[in-house]
Each structure stands twice: as C-alpha cells, then as structure tokens.
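Participant: Once you've had a glance at the structure underneath, I'll fire off some questions.
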Amino acid sequence: MDDTKIEQIINRYQDEASSLIQILLDIQKETRWLSNEILEKVSQKLEVPFSKVLHTATFFKSFSVIPEGRHEIQVCNGTSCHVRGSSRVLGTVQDLTGIKPGETDPDLKFSLEAVTCLGGCSSGPVMVVDGKHHVRMDPTGAEDVLKNCD
Amino acid sequence: MPKLNSPAELEELSKDILSKRDSAKPCIAICAGTGCHSLGNQDIINAFKEEIKKQSLKVKVDIRETGCPGFCEKGPVVVIYPEEICYLEVTPEDAPEIVSQTVVNKKVIDRLLYADPDSGEKAVHEYEIPFYQNQMRLLISNNIKIDPRSIDDYLAVGGYSSLAKVLLDMSPEQVITEIKESGLRGRSGGGFPAGRKWEACLIAQADTKYVICNCHEGDPGAFVDRRMMEANPHSILEGMIIGAYAIKANQGYIFVGDEFPLTVENTGIAIRQAEEYGLLGKNILGSGFDLTIRINIDGGGYVCGESTALMASLEGRVGEPVTKYDHATERGLWAKPTVLNNLQTWANVPLIINQGAAKYSSIGTESSKGTRVFSLSGNVKNSGLVEVPMGITLREIIFDIGGGIRDDKKFKGVQVGGPLGGFVPENQLDLRVDFDELSKAGLSMGPSLIVLDENTCIVDMVKYFFTFLYNESCGKCTPCREGLRQTLRIVTNISEGKGKEDDIELLEAISEVQKEASLCALGQGASGPLLSMIKNFRDELDAHIKEKRCPALVCKELSTITSK
C-alpha cells in the first residue's frame with residue numbers, strides 16, 4: 001500500500017491518535033494484513049510510538065500481522081456451532097490444509113481462522129470461505145467446499 | 001428532504017408518509033438479516049425482483065428487505081402482505097410460484113407453510129405458529145414491518161414519536177423519573193437500574209458528557225444485540241437521543257464488533273438519515289439540544305465488552321480493563337461523566353416513554369420489568385431470536401417456544417449467560433427469567449440460551465469455555481491469566497483420562513482465588529461454567545475422573561471402543 005493511500009485513511013480521522021484502531025481496521029480492509037512497513041508508516045504519520053502500534057495490532061483479534069492466503073477460511077466455533085459439531089469440521093479443515101487457526105500455509109493458498117460467532121447459529125456449524133457462507137457443515141461437506149478452491 | 005424544525009413538523013411528516021401508503025397494496029417482505037443471509041437470502045431477494053419485473057408488477061407490488069423476524073431455524077422467512085401469509089424455508093425457485101399464486105391470485109401455497117411437527121396442522125400466519133404465539137414481542141415485532149435502511153418505514157410505524165414527546169413537554173428530570181418508575185434494569189447482565197445510572201450522570205458536574213451504546217456482544221453463540229441493531233437501528237438511535245437529552249450529553253458512541261458487517265452498515269445509514277432529518281446534529285427538532293453519534297468498530301476481543309476496556313478501546317488504546325475506582329457516571333470516557341448502556345437497554349427507552357412507566361412496569365416480576373430478548377440456539381428445534389416477558393420459566397422458553405430438543409433426543413441442560421454463566425440441569429428448569437432469581441442461582445442474564453442434548457459432554461463444554469476465555473483474557477492480571485491457564489490444563493487432563501481425584505478440590509481453590517483477586521468481570525466470572533458443572537453434573541465429571549469414561553462419547557481419548 002502506498003503512502004498516499006495510508007495518508008488518505010489517516011486524514012479521514014483527522015490525524016487523531018485516538019482513532020488508531022479504526023485506522024488500522026480501514027487499512028486492513030484494503031491490504032488484508034498489516035505488514036511491519038505499514039505499521040511503521042502509521043506510527044510515523046500519527047506520531048504514536050511503534051511499540052504502541054504493534055501492541056494494538058497484536059492485541060486485537062481482527063488484525064493479522066502475517067500474510068493472508070488466497071482463500072480465507074473462517075470456521076465458526078461459537079457455542080451453538082460447537083454443540084452442533086464444529087470441532088469436527090475444524091479438525092477436517094486443519095487436516096486438509098495443514099494449518100491451524102491463525103496460520104497461513106507456505107504456498108499462501110489458505111488462511112484459517114476459528115471465529116466465535118458469525119450469527120448463523122440456527123444453521124450451524126457455519127463455515128465461510130472467501131465471504132461465502134456454507135451452512136449445516138459436517139466433515140464431508142467441508143471437504144467438498146475446500147476441493148473447489150484452487 | 002428538508003430538515004425538520006419542530007416535533008410538530010415530525011408528526012406532520014409521519015402522517016404524510018402514512019397517508020401515502022396503501023395498506024391494501026401487496027408487499028413481499030423478505031428477511032435480509034444475518035441469519036437468513038447465511039442461508040442465501042440475497043438469491044431469494046434477487047429472484048423475487050426478477051419475477052416482479054418479468055410479470056410487469058413493479059408498480060403494483062412492493063418488495064421489502066426487512067430485519068430479522070426471529071424464526072431463523074425455518075429461514076429464509078418471507079411474509080406476503082396485506083394477508084400476512086408467512087412462508088418458511090423459501091428458496092429462489094419458489095419465487096415465481098409465490099408471485100403468481102399468492103401475490104396475484106391470493107392463493108396460499110400449502111407446502112411453504114409452517115406445519116406442526118406432531119399433528120401436521122398448517123399455520124398460515126405468524127401469530128398461529130407456536131414459536132411466535134408464546135412470545136411477547138414488544139421490541140422486535142416491527143422487524144418484519146420495516147426496511148432497516150428506510151427511516152420513512154420507521155416513521156410509518158410511529159418511530160421517533162417518543163423523542164417528539166420528550167422534546168415537546170418533558171424535562172430531563174421528568175425523563176429520568178419515568179425511566180426510574182418503569183423499573184428498567186440494564187440488560188447487559190448485571191441489571192443495574194438504568195434510571196439511577198442516568199440520574200447520577202445528570203447530577204455530575206462537567207462541561208462534556210457522553211452516552212455509549214454497547215453493541216459489542218462478544219459471547220460466542222449470542223446474536224441478539226447485533227441482530228436487533230441491524231433490524232431496527234432507528235429504535236436504538238431514538239433511545240440514545242432520549243438518554244442523551246436526559247443526562248445532557250452532546251456526543252454518543254455505538255460500539256460494535258467487526259464480525260457483523262451488516263450491523264455496521266445499517267447503523268451508518270440510519271445515522272446519516274437521522275442527521276438529514278434533523279433528528280441528530282445541531283438543534284434537534286428546534287429544541288436547542290445537540291447530539292452527534294458515531295460508530296466505533298471493535299478491533300476484536302471479548303474483554304472489550306467490559307466497561308473500562310470498552311472505553312479504553314473507544315479512546316484508541318488496547319482493551320485492557322482497569323480497576324474501577326470511580327463510577328463511569330462520574331469519570332468515564334476521557335474521564336468525563338458517561339452513561340454506558342447495553343443495546344437492549346436503549347431499545348426499551350422509546351417503548352417506556354411511549355406507553356408510560358406504569359404500563360411498562362406491569363410486565364414482568366417484582367424486581368425485573370419488561371421483556372428480554374434471547375438468542376435461543378444449540379440443540380433446540382426452533383432456534384432463533386425470541387422475546388419473552390420477564391418471569392417466564394426456562395422450561396417454557398425451551399419447550400413451548402423452542403419446541404423441545406432436536407431429533408427428539410433427551411434434554412441435558414441449558415447454558416445460560418455465556419462463558420461467564422453456567423449450566424442449568426433439568427431439575428432447575430423452572431427457574432424464572434429474573435435478574436435476582438438467576439443471580440441467586442449463580443447465573444447471569446446473558447443474551448444467549450444454548451440448549452444441550454444428551455450427546456453433549458459437559459466436561460467438553462467446560463473445556464470449550466476455558467479455551468475461549470484463556471484466549472480472550474487480556475493477560476494483564478495474574479489471577480485471571482494464570483488461573484485460566486491452570487484450569488484449562490486440569491480440565492483438558494480430565495477430558496483425556498488423566499484426571500486425578502483431588503483435581504476437583506484444586507479447581508475449586510483456583511476458582512476462589514480467581515474470583516476474589518481478578519481485576520475485571522472476565523476473571524471474576526470465569527469459574528461460572530466450572531462451578532455449575534461441579535454442582536450440577538457431578539456424576540458425569542466423576543465418570544471422567546474415576547472411571548475414565550465419557551458417557552456422551554465426545555471426549556476422544558475416553559471414547560475408544562475396545563473389542564472383547
């Protein structure tokens with residue numbers, strides 16, 4: 001992401017350091033993850049110590065400081081999905097992709113996240129791949145969905 | 001649209017909107033909420049639009065994309081007006097038939113109706129379905145009647161009339177008296193009287209004050225707040241404007257989690273529309289009262305629902321709680337007097353002003369007034385968003401509204417109050433939804449009710465909650481950080497058949513320290529599920545520890561079948 005774009009986003013919040021979280025969220029929406037380079041730029045522009053920017057980026061669950069894969073997988077692990085068997089779905093996804101929640105594979109194909117609630121509790125277990133919702137998932141269903149990702 | 005300059009102009013506009021609407025005109029209301037979104041409602045909406053165009057009915061028939069009507073289990077839900085025919089589990093392929101049969105020829109399509117699982121009897125209207133019949137829907141009944149992105153729809157159902165009433169002839173003190181008399185208690189779980197909180201903030205001396213709506217809802221398996229916000233955002237704004245007027249605040253924040261993009265989007269649209277109409281901004285309805293409301297998106301963290309962490313997060317800092325030496329009503333956001341209420345608390349405000357404290361407080365129990373919206377899910381037949389009067393029993397919610405357990409399995413327990421709550425077994429199902437009664441039973445009034453059937457392992461559930469809490473603890477204070485780590489380790493051992501007999505005693509000792517010494521509610525309440533397992537499901541826990549057996553066959557290490 002170039003400097004002008006970062007500046008534009010920061011300007012949206014009138015250069016206010018108190019908007020750090022909102023600024024990082026907006027940047028991540030564009031870049032999908034926050035590189036060291038970006039965090040440094042934000043730190044300089046907002047005049048906030050780099051340590052504080054890094055603290056924020058690693059404290060909150062929404063931020064990723066590692067590169068994201070081409071396909072983003074979210075497996076809902078909310079309580080309702082859990083009692084309906086989401087851990088078996090997550091297990092299958094982990095086996096097939098070889099990564100754990102919070103990781104990206106070396107080929108940058110998949111990133112996996114176990115999220116707490118996607119709000120589809122009535123049709124759980126829910127799995128979201130690249131923004132598309134897949135409901136009432138079981139291990140076989142999850143396998144079918146992942147097969148279609150290239 | 002020109003700005004409205006007085007309550008009278010608002011009333012005029014509402015009347016005008018209503019007079020231009022033809023109640024006999026057919027309208028297809030389709031749930032566009034998050035629940036039905038995962039079931040592909042966008043395809044259905046598109047299919048209806050396409051069909052209306054194909055049959056050249058665009059002028060004659062309206063399509064309304066509404067908020068969540070609640071019956072998520074049977075979604076996507078489509079209601080055909082003016083007859084109010086309720087179709088469930090609709091697919092895009094049904095659209096042509098619904099348009100030609102029901103909308104044009106007024107014929108009911110039998111197969112899309114609700115069928116009673118026992119008798120097979122069909123129900124044509126929403127109010128004939130047991131799931132709805134046994135509820136008391138005061139806060140969420142408008143969801144299917146309005147498009148959350150249309151302020152005119154909200155005005156057409158009498159929206160913002162409470163605000164007009166307040167600005168026209170009520171002083172801040174009178175508003176607070178009304179809220180106090182209504183008996184409204186904060187819906188976040190703690191149940192602090194809302195009127196008293198507001199009064200403390202009004203009295204506090206400061207040049208700046210704030211109102212905050214907590215729509216964070218980090219509980220796994222709870223979807224009430226975000227769903228209510230996305231379905232009827234103007235009702236929340238109206239409550240907040242009235243509250244800000246009562247405590248003389250000019251700045252408000254809505255704190256919302258980032259997992260629900262639709263909530264953020266709909267709220268943003270609602271704020272812009274309210275500003276355009278002069279219901280937010282400078283000199284609201286010519287009253288001289290100013291209020292700006294901003295949305296603040298959470299960076300993701302369960303602990304940010306805690307009041308001090310929430311405010312830290314609003315100030316752009318990491319969401320770590322601090323010790324509460326002062327009440328937020330005296331020193332809150334940016335050290336200014338602040339009223340922080342849960343979204344459901346705000347949602348009740350217009351209702352109380354509209355119908356009066358006396359009528360409102362006639363609903364509920366001695367100590368808990370009004371209704372409560374829950375997200376009912378897990379192994380229950382009819383899951384969804386349910387609104388019930390305070391004082392109803394858990395049994396009634398699960399069996400009369402929820403229809404009992406899925407696949408006719410046996411009921412095991414219900415999880416009340418999320419990760420800081422507990423499990424209620426069968427013999428305590430007659431507990432009533434009441435702040436004091438639930439708190440006496442060691443539970444809190446959390447927004448979610450998650451039903452567990454016989455195939456759920458209680459040790460696995462406790463392990464699940466501790467894994468969640470361990471990951472979500474901010475790590476600032478030792479009792480919480482280390483307590484959770486050790487508890488999780490011991491519970492995991494138990495689930496793997498490595499439990500020891502004195503583990504229970506050790507777990508209880510850790511819980512006690514954690515409860516006394518943790519900094520915030522996360523650490524203090526974390527032992528809830530654990531202690532309720534020890535108290536209510538001792539047999540199952542003992543089976544894991546002594547017999548190395550998982551009766552529900554969930555814990556992998558204890559469920560291996562050995563041949564003879």
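For the structure tokens, the naming scheme is as follows: chains receive sequential letters (A, B, ...) according to their order of presentation, residues are indexed from 1 within each chain, and ligands are indexed from 1 in presentation order.
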Could you list, as a list in words, every residue of chain B that has an atom within 6 Å of an atom of chain A, counting only C-alpha atoms?
Facilitator: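 Residues passing the distance filter: Gly35, Ser38, Cys72, Glu73, Pro220, Gly221, Phe223, Gly299, Gly300, Gly301, Glu315, Gly316, Val318, Ser377, Gly378 and Ser383 of chain B.
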Participant: Filtering to N, CA and C atoms, could you give me those residues as a PDB file, in the first residue's frame?
Facilitator:
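File again.pdb, as written:
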```
ATOM      1  N   GLY B  35     -28.906 -13.922   9.851  1.00  0.00           N
ATOM      2  CA  GLY B  35     -29.229 -15.345   9.960  1.00  0.00           C
ATOM      3  C   GLY B  35     -29.629 -15.914   8.614  1.00  0.00           C
ATOM      4  N   SER B  38     -26.860 -16.184   5.768  1.00  0.00           N
ATOM      5  CA  SER B  38     -26.040 -17.393   5.604  1.00  0.00           C
ATOM      6  C   SER B  38     -26.817 -18.478   4.869  1.00  0.00           C
ATOM      7  N   CYS B  72     -35.234 -18.023  12.802  1.00  0.00           N
ATOM      8  CA  CYS B  72     -34.082 -18.329  11.960  1.00  0.00           C
ATOM      9  C   CYS B  72     -34.014 -19.804  11.571  1.00  0.00           C
ATOM     10  N   GLU B  73     -34.541 -20.661  12.434  1.00  0.00           N
ATOM     11  CA  GLU B  73     -34.472 -22.098  12.176  1.00  0.00           C
ATOM     12  C   GLU B  73     -35.136 -22.440  10.844  1.00  0.00           C
ATOM     13  N   PRO B 220     -19.702 -16.066  22.556  1.00  0.00           N
ATOM     14  CA  PRO B 220     -19.871 -16.986  21.431  1.00  0.00           C
ATOM     15  C   PRO B 220     -21.284 -17.563  21.494  1.00  0.00           C
ATOM     16  N   GLY B 221     -21.998 -17.511  20.398  1.00  0.00           N
ATOM     17  CA  GLY B 221     -23.343 -18.079  20.374  1.00  0.00           C
ATOM     18  C   GLY B 221     -24.427 -17.098  20.778  1.00  0.00           C
ATOM     19  N   PHE B 223     -26.432 -13.633  19.503  1.00  0.00           N
ATOM     20  CA  PHE B 223     -26.551 -12.764  18.335  1.00  0.00           C
ATOM     21  C   PHE B 223     -27.671 -11.752  18.491  1.00  0.00           C
ATOM     22  N   GLY B 299     -11.883  -3.793  17.645  1.00  0.00           N
ATOM     23  CA  GLY B 299     -10.798  -4.497  16.962  1.00  0.00           C
ATOM     24  C   GLY B 299     -10.840  -6.002  17.191  1.00  0.00           C
ATOM     25  N   GLY B 300     -11.840  -6.472  17.946  1.00  0.00           N
ATOM     26  CA  GLY B 300     -11.955  -7.905  18.177  1.00  0.00           C
ATOM     27  C   GLY B 300     -11.342  -8.307  19.495  1.00  0.00           C
ATOM     28  N   GLY B 301     -12.159  -8.580  20.447  1.00  0.00           N
ATOM     29  CA  GLY B 301     -11.683  -9.003  21.764  1.00  0.00           C
ATOM     30  C   GLY B 301     -12.864  -9.079  22.708  1.00  0.00           C
ATOM     31  N   GLU B 315     -11.099   5.076  23.184  1.00  0.00           N
ATOM     32  CA  GLU B 315     -10.077   6.120  23.208  1.00  0.00           C
ATOM     33  C   GLU B 315      -8.876   5.756  22.337  1.00  0.00           C
ATOM     34  N   GLY B 316      -8.944   4.588  21.684  1.00  0.00           N
ATOM     35  CA  GLY B 316      -7.888   4.186  20.772  1.00  0.00           C
ATOM     36  C   GLY B 316      -6.776   3.388  21.431  1.00  0.00           C
ATOM     37  N   VAL B 318      -5.445  -0.135  23.695  1.00  0.00           N
ATOM     38  CA  VAL B 318      -5.797  -1.552  23.710  1.00  0.00           C
ATOM     39  C   VAL B 318      -6.816  -1.788  24.824  1.00  0.00           C
ATOM     40  N   SER B 377     -30.490 -21.078  20.858  1.00  0.00           N
ATOM     41  CA  SER B 377     -29.844 -21.914  19.845  1.00  0.00           C
ATOM     42  C   SER B 377     -29.277 -23.180  20.465  1.00  0.00           C
ATOM     43  N   GLY B 378     -28.458 -23.869  19.731  1.00  0.00           N
ATOM     44  CA  GLY B 378     -27.939 -25.152  20.190  1.00  0.00           C
ATOM     45  C   GLY B 378     -28.835 -26.274  19.700  1.00  0.00           C
ATOM     46  N   SER B 383     -34.768 -22.725  16.768  1.00  0.00           N
ATOM     47  CA  SER B 383     -33.815 -21.743  17.257  1.00  0.00           C
ATOM     48  C   SER B 383     -34.115 -20.405  16.606  1.00  0.00           C
TER      49      SER B 383
END
```
Participant: Tell me which protein, DNA and RNA residues are within 6 Å of region 231-247 of chain B, counting only C-alpha atoms, leaving out same-chain ones fewer than 2 positions away, and put them as a PyMOL selection string.
Facilitator: chain B and resi 67-68+143+148+172+202+228-229+249+267+346-347+349-350
Participant: Can you list, as a ChimeraX atom specification, every protein, DNA or RNA residue that comes within 7 Å of Phe374 (chain B) when you count only C-alpha atoms, leaving out same-chain residues fewer than 2 positions away?
Facilitator: /B:224,372,376,385-387,447-449
Participant: DSSP on the backbone, then: every residue of chain A marked strand (DSSP E), written as a list in words.
Facilitator: His71, Glu72, Ile73, Gln74, Val75, Cys76, Phe110, Ser111, Leu112, Glu113, Ala114, Val115, Met127, Val128, Val129, Lys132, His133 and His134 of chain A
Participant: In Å, rounded to a single decimal, give me how far CA of Val77 (chain B) is from CA of Ile144 (chain B).
Facilitator: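 Computing it gives 9.4 Å between the two atoms.
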